[in-house]
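Everything below belongs to structure_2.cif, which stores mmCIF, N, CA and C atoms.
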data_model
loop_
_atom_site.label_atom_id
_atom_site.label_comp_id
_atom_site.auth_asym_id
_atom_site.auth_seq_id
_atom_site.Cartn_x
_atom_site.Cartn_y
_atom_site.Cartn_z
N MET S 102 129.72 -146.70 89.26
CA MET S 102 129.74 -145.81 90.41
C MET S 102 130.77 -144.70 90.23
N THR S 103 131.93 -145.05 89.69
CA THR S 103 132.98 -144.05 89.47
C THR S 103 132.51 -143.01 88.46
N GLY S 104 131.79 -143.45 87.43
CA GLY S 104 131.28 -142.51 86.44
C GLY S 104 130.34 -141.48 87.05
N LEU S 105 129.50 -141.91 87.99
CA LEU S 105 128.59 -140.99 88.67
C LEU S 105 129.37 -139.98 89.50
N LEU S 106 130.37 -140.46 90.25
CA LEU S 106 131.19 -139.57 91.06
C LEU S 106 131.93 -138.57 90.19
N CYS S 107 132.46 -139.02 89.07
CA CYS S 107 133.16 -138.12 88.14
C CYS S 107 132.22 -137.05 87.60
N SER S 108 131.00 -137.44 87.28
CA SER S 108 130.02 -136.49 86.78
C SER S 108 129.63 -135.48 87.86
N LEU S 109 129.45 -135.95 89.09
CA LEU S 109 129.11 -135.05 90.19
C LEU S 109 130.24 -134.07 90.47
N LEU S 110 131.47 -134.55 90.42
CA LEU S 110 132.61 -133.66 90.61
C LEU S 110 132.66 -132.59 89.52
N LEU S 111 132.40 -132.99 88.29
CA LEU S 111 132.39 -132.03 87.19
C LEU S 111 131.29 -130.99 87.39
N LEU S 112 130.11 -131.42 87.81
CA LEU S 112 129.02 -130.49 88.07
C LEU S 112 129.37 -129.52 89.19
N TYR S 113 130.06 -130.00 90.22
CA TYR S 113 130.46 -129.13 91.33
C TYR S 113 131.50 -128.12 90.87
N ILE S 114 132.43 -128.56 90.03
CA ILE S 114 133.43 -127.64 89.46
C ILE S 114 132.72 -126.55 88.67
N ILE S 115 131.74 -126.91 87.89
CA ILE S 115 130.97 -125.93 87.11
C ILE S 115 130.22 -124.98 88.04
N ALA S 116 129.68 -125.51 89.13
CA ALA S 116 128.95 -124.68 90.09
C ALA S 116 129.88 -123.66 90.75
N VAL S 117 131.08 -124.07 91.13
CA VAL S 117 132.04 -123.14 91.73
C VAL S 117 132.42 -122.07 90.71
N PHE S 118 132.70 -122.47 89.50
CA PHE S 118 133.06 -121.53 88.45
C PHE S 118 131.91 -120.55 88.19
N ALA S 119 130.69 -121.05 88.13
CA ALA S 119 129.52 -120.19 87.91
C ALA S 119 129.34 -119.21 89.07
N ARG S 120 129.60 -119.67 90.29
CA ARG S 120 129.50 -118.77 91.45
C ARG S 120 130.47 -117.62 91.32
N VAL S 121 131.69 -117.94 90.90
CA VAL S 121 132.68 -116.88 90.70
C VAL S 121 132.20 -115.89 89.64
N MET S 122 131.70 -116.40 88.54
CA MET S 122 131.21 -115.52 87.46
C MET S 122 130.06 -114.63 87.95
N PHE S 123 129.12 -115.23 88.67
CA PHE S 123 127.98 -114.45 89.17
C PHE S 123 128.41 -113.42 90.21
N SER S 124 129.50 -113.67 90.92
CA SER S 124 129.95 -112.70 91.93
C SER S 124 130.45 -111.42 91.28
N TRP S 125 130.78 -111.45 90.02
CA TRP S 125 131.26 -110.27 89.31
C TRP S 125 130.13 -109.44 88.72
N ILE S 126 128.90 -109.97 88.74
CA ILE S 126 127.76 -109.30 88.11
C ILE S 126 126.86 -108.74 89.20
N PRO S 127 126.67 -107.41 89.21
CA PRO S 127 125.73 -106.86 90.19
C PRO S 127 124.29 -107.22 89.81
N LEU S 128 123.56 -107.77 90.75
CA LEU S 128 122.17 -108.16 90.51
C LEU S 128 121.26 -107.50 91.54
N SER S 129 120.09 -107.12 91.09
CA SER S 129 119.10 -106.60 92.04
C SER S 129 118.44 -107.78 92.73
N PRO S 130 117.94 -107.58 93.95
CA PRO S 130 117.28 -108.68 94.67
C PRO S 130 116.05 -109.22 93.94
N GLU S 131 115.45 -108.41 93.06
CA GLU S 131 114.26 -108.85 92.35
C GLU S 131 114.59 -109.67 91.10
N SER S 132 115.85 -109.71 90.71
CA SER S 132 116.24 -110.41 89.50
C SER S 132 116.03 -111.92 89.65
N PRO S 133 115.48 -112.57 88.63
CA PRO S 133 115.31 -114.03 88.70
C PRO S 133 116.64 -114.77 88.78
N VAL S 134 117.69 -114.15 88.30
CA VAL S 134 119.03 -114.76 88.35
C VAL S 134 119.54 -114.83 89.78
N THR S 135 119.02 -113.98 90.65
CA THR S 135 119.43 -114.00 92.05
C THR S 135 119.13 -115.35 92.69
N VAL S 136 118.06 -116.00 92.27
CA VAL S 136 117.72 -117.34 92.79
C VAL S 136 118.82 -118.33 92.44
N VAL S 137 119.33 -118.26 91.22
CA VAL S 137 120.40 -119.16 90.78
C VAL S 137 121.66 -118.88 91.60
N ARG S 138 122.00 -117.59 91.74
CA ARG S 138 123.20 -117.24 92.50
C ARG S 138 123.07 -117.70 93.95
N THR S 139 121.91 -117.52 94.55
CA THR S 139 121.69 -117.96 95.94
C THR S 139 121.87 -119.47 96.06
N TRP S 140 121.34 -120.21 95.10
CA TRP S 140 121.47 -121.66 95.11
C TRP S 140 122.95 -122.07 94.97
N LEU S 141 123.69 -121.39 94.08
CA LEU S 141 125.11 -121.70 93.90
C LEU S 141 125.90 -121.43 95.18
N VAL S 142 125.58 -120.33 95.84
CA VAL S 142 126.26 -120.03 97.11
C VAL S 142 125.94 -121.10 98.14
N ARG S 143 124.69 -121.52 98.19
CA ARG S 143 124.26 -122.52 99.17
C ARG S 143 124.98 -123.86 99.00
N ILE S 144 125.25 -124.26 97.74
CA ILE S 144 125.89 -125.57 97.56
C ILE S 144 127.42 -125.50 97.60
N THR S 145 127.99 -124.32 97.38
CA THR S 145 129.45 -124.22 97.38
C THR S 145 130.03 -123.69 98.69
N GLU S 146 129.25 -122.97 99.46
CA GLU S 146 129.74 -122.36 100.70
C GLU S 146 130.23 -123.36 101.74
N PRO S 147 129.64 -124.57 101.87
CA PRO S 147 130.17 -125.50 102.88
C PRO S 147 131.65 -125.84 102.69
N ILE S 148 132.16 -125.75 101.50
CA ILE S 148 133.59 -126.01 101.28
C ILE S 148 134.36 -124.70 101.16
N MET S 149 133.79 -123.72 100.47
CA MET S 149 134.51 -122.46 100.27
C MET S 149 134.63 -121.64 101.55
N GLY S 150 133.64 -121.72 102.43
CA GLY S 150 133.67 -120.96 103.68
C GLY S 150 134.88 -121.29 104.54
N PRO S 151 135.10 -122.57 104.86
CA PRO S 151 136.28 -122.92 105.65
C PRO S 151 137.59 -122.58 104.93
N LEU S 152 137.63 -122.76 103.61
CA LEU S 152 138.83 -122.38 102.86
C LEU S 152 139.08 -120.88 102.96
N ARG S 153 138.03 -120.09 102.85
CA ARG S 153 138.16 -118.64 102.93
C ARG S 153 138.68 -118.21 104.29
N ARG S 154 138.23 -118.89 105.34
CA ARG S 154 138.70 -118.55 106.68
C ARG S 154 140.15 -118.98 106.89
N ALA S 155 140.58 -120.06 106.22
CA ALA S 155 141.94 -120.56 106.39
C ALA S 155 142.97 -119.80 105.55
N LEU S 156 142.53 -119.29 104.40
CA LEU S 156 143.44 -118.60 103.49
C LEU S 156 143.24 -117.10 103.58
N PRO S 157 144.30 -116.37 103.85
CA PRO S 157 144.15 -114.91 103.87
C PRO S 157 143.96 -114.39 102.44
N ALA S 158 143.15 -113.36 102.32
CA ALA S 158 142.96 -112.72 101.01
C ALA S 158 144.24 -112.00 100.61
N VAL S 159 144.52 -111.99 99.33
CA VAL S 159 145.70 -111.29 98.81
C VAL S 159 145.31 -109.84 98.58
N ARG S 160 146.03 -108.93 99.22
CA ARG S 160 145.74 -107.51 99.09
C ARG S 160 146.28 -106.99 97.77
N LEU S 161 145.44 -106.30 97.03
CA LEU S 161 145.82 -105.67 95.77
C LEU S 161 145.44 -104.20 95.85
N GLY S 162 146.28 -103.42 96.50
CA GLY S 162 145.94 -102.02 96.72
C GLY S 162 144.77 -101.93 97.69
N ARG S 163 143.67 -101.31 97.24
CA ARG S 163 142.49 -101.17 98.09
C ARG S 163 141.53 -102.34 97.94
N MET S 164 141.90 -103.31 97.13
CA MET S 164 141.05 -104.49 96.91
C MET S 164 141.71 -105.72 97.51
N ALA S 165 140.92 -106.78 97.63
CA ALA S 165 141.45 -108.05 98.12
C ALA S 165 140.95 -109.17 97.20
N LEU S 166 141.84 -110.12 96.94
CA LEU S 166 141.50 -111.25 96.08
C LEU S 166 141.28 -112.48 96.95
N ASP S 167 140.08 -113.03 96.90
CA ASP S 167 139.73 -114.23 97.64
C ASP S 167 140.31 -115.44 96.88
N LEU S 168 141.19 -116.16 97.52
CA LEU S 168 141.85 -117.30 96.87
C LEU S 168 141.08 -118.61 97.02
N SER S 169 140.04 -118.62 97.84
CA SER S 169 139.34 -119.89 98.10
C SER S 169 138.76 -120.53 96.84
N PRO S 170 138.15 -119.80 95.89
CA PRO S 170 137.65 -120.49 94.70
C PRO S 170 138.77 -121.08 93.85
N ILE S 171 139.90 -120.39 93.78
CA ILE S 171 141.02 -120.89 92.97
C ILE S 171 141.57 -122.17 93.58
N VAL S 172 141.78 -122.15 94.89
CA VAL S 172 142.30 -123.33 95.58
C VAL S 172 141.31 -124.49 95.48
N LEU S 173 140.02 -124.19 95.64
CA LEU S 173 139.00 -125.24 95.55
C LEU S 173 138.95 -125.83 94.15
N LEU S 174 138.98 -124.99 93.11
CA LEU S 174 138.93 -125.50 91.75
C LEU S 174 140.15 -126.37 91.43
N ILE S 175 141.32 -125.95 91.87
CA ILE S 175 142.53 -126.76 91.64
C ILE S 175 142.42 -128.08 92.39
N GLY S 176 141.98 -128.01 93.65
CA GLY S 176 141.83 -129.24 94.44
C GLY S 176 140.81 -130.20 93.85
N LEU S 177 139.69 -129.67 93.38
CA LEU S 177 138.68 -130.53 92.76
C LEU S 177 139.19 -131.15 91.47
N GLN S 178 139.93 -130.38 90.69
CA GLN S 178 140.48 -130.92 89.43
C GLN S 178 141.49 -132.03 89.71
N VAL S 179 142.34 -131.83 90.71
CA VAL S 179 143.32 -132.87 91.08
C VAL S 179 142.59 -134.11 91.58
N PHE S 180 141.61 -133.92 92.46
CA PHE S 180 140.84 -135.04 93.00
C PHE S 180 140.13 -135.79 91.88
N ARG S 181 139.54 -135.04 90.96
CA ARG S 181 138.83 -135.66 89.83
C ARG S 181 139.81 -136.44 88.94
N ALA S 182 141.01 -135.90 88.72
CA ALA S 182 142.01 -136.59 87.91
C ALA S 182 142.42 -137.91 88.57
N VAL S 183 142.56 -137.90 89.89
CA VAL S 183 142.95 -139.12 90.61
C VAL S 183 141.82 -140.15 90.56
N ILE S 184 140.60 -139.70 90.81
CA ILE S 184 139.46 -140.62 90.85
C ILE S 184 139.07 -141.10 89.46
N CYS S 185 139.02 -140.19 88.52
CA CYS S 185 138.48 -140.51 87.20
C CYS S 185 139.56 -140.89 86.19
N GLY S 186 140.80 -140.69 86.52
CA GLY S 186 141.87 -141.01 85.59
C GLY S 186 142.08 -139.90 84.58
N SER S 187 143.05 -140.07 83.75
CA SER S 187 143.39 -139.03 82.79
C SER S 187 142.38 -138.92 81.67
N SER S 188 141.53 -139.94 81.49
CA SER S 188 140.52 -139.87 80.43
C SER S 188 139.39 -138.92 80.76
N GLY S 189 139.27 -138.50 82.04
CA GLY S 189 138.26 -137.54 82.42
C GLY S 189 136.91 -138.12 82.73
N GLY S 190 136.77 -139.41 82.80
CA GLY S 190 135.49 -139.93 83.21
C GLY S 190 135.14 -141.18 82.53
#

Could you show the structure in this file as structure tokens?
Amino acid sequence: MTGLLCSLLLLYIIAVFARVMFSWIPLSPESPVTVVRTWLVRITEPIMGPLRRALPAVRLGRMALDLSPIVLLIGLQVFRAVICGSSGG
């Protein structure tokens, strides 16, 4: 059971990371990759949304840096280390 949880946590970490990567790429609505990005947003937003509302964005001149993916990735890695041990699974 722990192995399954560790694998699911790793998949979720990859999904969050992929969402961040896709957010940097402009896509047209007709692009087939848009389906993947929409799916990634759908599975990560239930956790990232509340984090985004709780954490203020860091202002960088005229831009803002959303810290929610960074905090979520660190939190997931710590949780995975506690659950799965130092061996990683």

Got a sec: who's within 12 Å of Met122 (chain S), counting only C-alpha atoms, leaving out chain neighbours fewer than 2 positions off, as number ranges by chain?
S: 115-120, 124-127, 137-138, 141-142, 170

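Going from CA of Val159 (chain S) to CA of Gln178 (chain S) covers 22.4 Å.
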
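Here the DSSP assignment of strand (DSSP E), based on backbone atoms, applies within chain S to Val159, Arg160, Leu161, Met164, Ala165 and Leu166 of chain S.
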
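As for atom C of Met149 (chain S) and atom C of Ser169 (chain S), they are spaced 6.4 Å apart.
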
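Taking only N, CA and C atoms, the non-local environment of Leu106 (chain S) within 8 Å (same-chain residues fewer than 2 positions away omitted) comprises Met102, Thr103, Gly104, Ser108, Leu109, Leu110, Leu111, Leu112, Arg181, Ile184, Cys185 and Gly190 of chain S.
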
Excluding same-chain residues fewer than 3 positions from Leu168 (chain S), what lies within 8 Å of it counting all atoms listed in the file, as a PyMOL selection string?
chain S and resi 152-153+156-159+165+171-174

As JSON: centre and edge lengths in Å, one decimal, of the axis-aligned box holding region 176-184 of chain S with 8 Å per side:
{"center_x": 141.0, "center_y": -134.6, "center_z": 91.2, "size_x": 20.6, "size_y": 29.1, "size_z": 22.5}

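Note that the spacing between CA of Ser132 (chain S) and CA of Arg154 (chain S) amounts to 29.4 Å.
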
Region 147-169 of chain S rebuilt with N, CA, C and O atoms, output as a PDB file, in the frame of the given file:
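See result04.pdb below for the written result:
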ATOM      1  N   PRO S 147     129.640-124.570 101.870  1.00  0.00           N
ATOM      2  CA  PRO S 147     130.170-125.500 102.880  1.00  0.00           C
ATOM      3  C   PRO S 147     131.650-125.840 102.690  1.00  0.00           C
ATOM      4  O   PRO S 147     132.323-126.181 103.663  1.00  0.00           O
ATOM      5  N   ILE S 148     132.160-125.750 101.500  1.00  0.00           N
ATOM      6  CA  ILE S 148     133.590-126.010 101.280  1.00  0.00           C
ATOM      7  C   ILE S 148     134.360-124.700 101.160  1.00  0.00           C
ATOM      8  O   ILE S 148     135.455-124.569 101.711  1.00  0.00           O
ATOM      9  N   MET S 149     133.790-123.720 100.470  1.00  0.00           N
ATOM     10  CA  MET S 149     134.510-122.460 100.270  1.00  0.00           C
ATOM     11  C   MET S 149     134.630-121.640 101.550  1.00  0.00           C
ATOM     12  O   MET S 149     135.616-120.948 101.753  1.00  0.00           O
ATOM     13  N   GLY S 150     133.640-121.720 102.430  1.00  0.00           N
ATOM     14  CA  GLY S 150     133.670-120.960 103.680  1.00  0.00           C
ATOM     15  C   GLY S 150     134.880-121.290 104.540  1.00  0.00           C
ATOM     16  O   GLY S 150     135.651-120.390 104.902  1.00  0.00           O
ATOM     17  N   PRO S 151     135.100-122.570 104.860  1.00  0.00           N
ATOM     18  CA  PRO S 151     136.280-122.920 105.650  1.00  0.00           C
ATOM     19  C   PRO S 151     137.590-122.580 104.930  1.00  0.00           C
ATOM     20  O   PRO S 151     138.559-122.148 105.570  1.00  0.00           O
ATOM     21  N   LEU S 152     137.630-122.760 103.610  1.00  0.00           N
ATOM     22  CA  LEU S 152     138.830-122.380 102.860  1.00  0.00           C
ATOM     23  C   LEU S 152     139.080-120.880 102.960  1.00  0.00           C
ATOM     24  O   LEU S 152     140.222-120.440 103.128  1.00  0.00           O
ATOM     25  N   ARG S 153     138.030-120.090 102.850  1.00  0.00           N
ATOM     26  CA  ARG S 153     138.160-118.640 102.930  1.00  0.00           C
ATOM     27  C   ARG S 153     138.680-118.210 104.290  1.00  0.00           C
ATOM     28  O   ARG S 153     139.490-117.278 104.401  1.00  0.00           O
ATOM     29  N   ARG S 154     138.230-118.890 105.340  1.00  0.00           N
ATOM     30  CA  ARG S 154     138.700-118.550 106.680  1.00  0.00           C
ATOM     31  C   ARG S 154     140.150-118.980 106.890  1.00  0.00           C
ATOM     32  O   ARG S 154     140.878-118.338 107.633  1.00  0.00           O
ATOM     33  N   ALA S 155     140.580-120.060 106.220  1.00  0.00           N
ATOM     34  CA  ALA S 155     141.940-120.560 106.390  1.00  0.00           C
ATOM     35  C   ALA S 155     142.970-119.800 105.550  1.00  0.00           C
ATOM     36  O   ALA S 155     144.124-119.695 105.942  1.00  0.00           O
ATOM     37  N   LEU S 156     142.530-119.290 104.400  1.00  0.00           N
ATOM     38  CA  LEU S 156     143.440-118.600 103.490  1.00  0.00           C
ATOM     39  C   LEU S 156     143.240-117.100 103.580  1.00  0.00           C
ATOM     40  O   LEU S 156     142.139-116.614 103.390  1.00  0.00           O
ATOM     41  N   PRO S 157     144.300-116.370 103.850  1.00  0.00           N
ATOM     42  CA  PRO S 157     144.150-114.910 103.870  1.00  0.00           C
ATOM     43  C   PRO S 157     143.960-114.390 102.440  1.00  0.00           C
ATOM     44  O   PRO S 157     144.502-114.931 101.485  1.00  0.00           O
ATOM     45  N   ALA S 158     143.150-113.360 102.320  1.00  0.00           N
ATOM     46  CA  ALA S 158     142.960-112.720 101.010  1.00  0.00           C
ATOM     47  C   ALA S 158     144.240-112.000 100.610  1.00  0.00           C
ATOM     48  O   ALA S 158     144.965-111.475 101.457  1.00  0.00           O
ATOM     49  N   VAL S 159     144.520-111.990  99.330  1.00  0.00           N
ATOM     50  CA  VAL S 159     145.700-111.290  98.810  1.00  0.00           C
ATOM     51  C   VAL S 159     145.310-109.840  98.580  1.00  0.00           C
ATOM     52  O   VAL S 159     144.355-109.543  97.850  1.00  0.00           O
ATOM     53  N   ARG S 160     146.030-108.930  99.220  1.00  0.00           N
ATOM     54  CA  ARG S 160     145.740-107.510  99.090  1.00  0.00           C
ATOM     55  C   ARG S 160     146.280-106.990  97.770  1.00  0.00           C
ATOM     56  O   ARG S 160     147.426-107.233  97.415  1.00  0.00           O
ATOM     57  N   LEU S 161     145.440-106.300  97.030  1.00  0.00           N
ATOM     58  CA  LEU S 161     145.820-105.670  95.770  1.00  0.00           C
ATOM     59  C   LEU S 161     145.440-104.200  95.850  1.00  0.00           C
ATOM     60  O   LEU S 161     144.388-103.788  95.369  1.00  0.00           O
ATOM     61  N   GLY S 162     146.280-103.420  96.500  1.00  0.00           N
ATOM     62  CA  GLY S 162     145.940-102.020  96.720  1.00  0.00           C
ATOM     63  C   GLY S 162     144.770-101.930  97.690  1.00  0.00           C
ATOM     64  O   GLY S 162     144.839-102.436  98.803  1.00  0.00           O
ATOM     65  N   ARG S 163     143.670-101.310  97.240  1.00  0.00           N
ATOM     66  CA  ARG S 163     142.490-101.170  98.090  1.00  0.00           C
ATOM     67  C   ARG S 163     141.530-102.340  97.940  1.00  0.00           C
ATOM     68  O   ARG S 163     140.473-102.362  98.549  1.00  0.00           O
ATOM     69  N   MET S 164     141.900-103.310  97.130  1.00  0.00           N
ATOM     70  CA  MET S 164     141.050-104.490  96.910  1.00  0.00           C
ATOM     71  C   MET S 164     141.710-105.720  97.510  1.00  0.00           C
ATOM     72  O   MET S 164     142.893-105.705  97.836  1.00  0.00           O
ATOM     73  N   ALA S 165     140.920-106.780  97.630  1.00  0.00           N
ATOM     74  CA  ALA S 165     141.450-108.050  98.120  1.00  0.00           C
ATOM     75  C   ALA S 165     140.950-109.170  97.200  1.00  0.00           C
ATOM     76  O   ALA S 165     139.815-109.149  96.739  1.00  0.00           O
ATOM     77  N   LEU S 166     141.840-110.120  96.940  1.00  0.00           N
ATOM     78  CA  LEU S 166     141.500-111.250  96.080  1.00  0.00           C
ATOM     79  C   LEU S 166     141.280-112.480  96.950  1.00  0.00           C
ATOM     80  O   LEU S 166     142.189-112.917  97.665  1.00  0.00           O
ATOM     81  N   ASP S 167     140.080-113.030  96.900  1.00  0.00           N
ATOM     82  CA  ASP S 167     139.730-114.230  97.640  1.00  0.00           C
ATOM     83  C   ASP S 167     140.310-115.440  96.880  1.00  0.00           C
ATOM     84  O   ASP S 167     139.929-115.698  95.734  1.00  0.00           O
ATOM     85  N   LEU S 168     141.190-116.160  97.520  1.00  0.00           N
ATOM     86  CA  LEU S 168     141.850-117.300  96.870  1.00  0.00           C
ATOM     87  C   LEU S 168     141.080-118.610  97.020  1.00  0.00           C
ATOM     88  O   LEU S 168     141.418-119.595  96.379  1.00  0.00           O
ATOM     89  N   SER S 169     140.040-118.620  97.840  1.00  0.00           N
ATOM     90  CA  SER S 169     139.340-119.890  98.100  1.00  0.00           C
ATOM     91  C   SER S 169     138.760-120.530  96.840  1.00  0.00           C
ATOM     92  O   SER S 169     138.883-121.752  96.694  1.00  0.00           O
TER      93      SER S 169
END
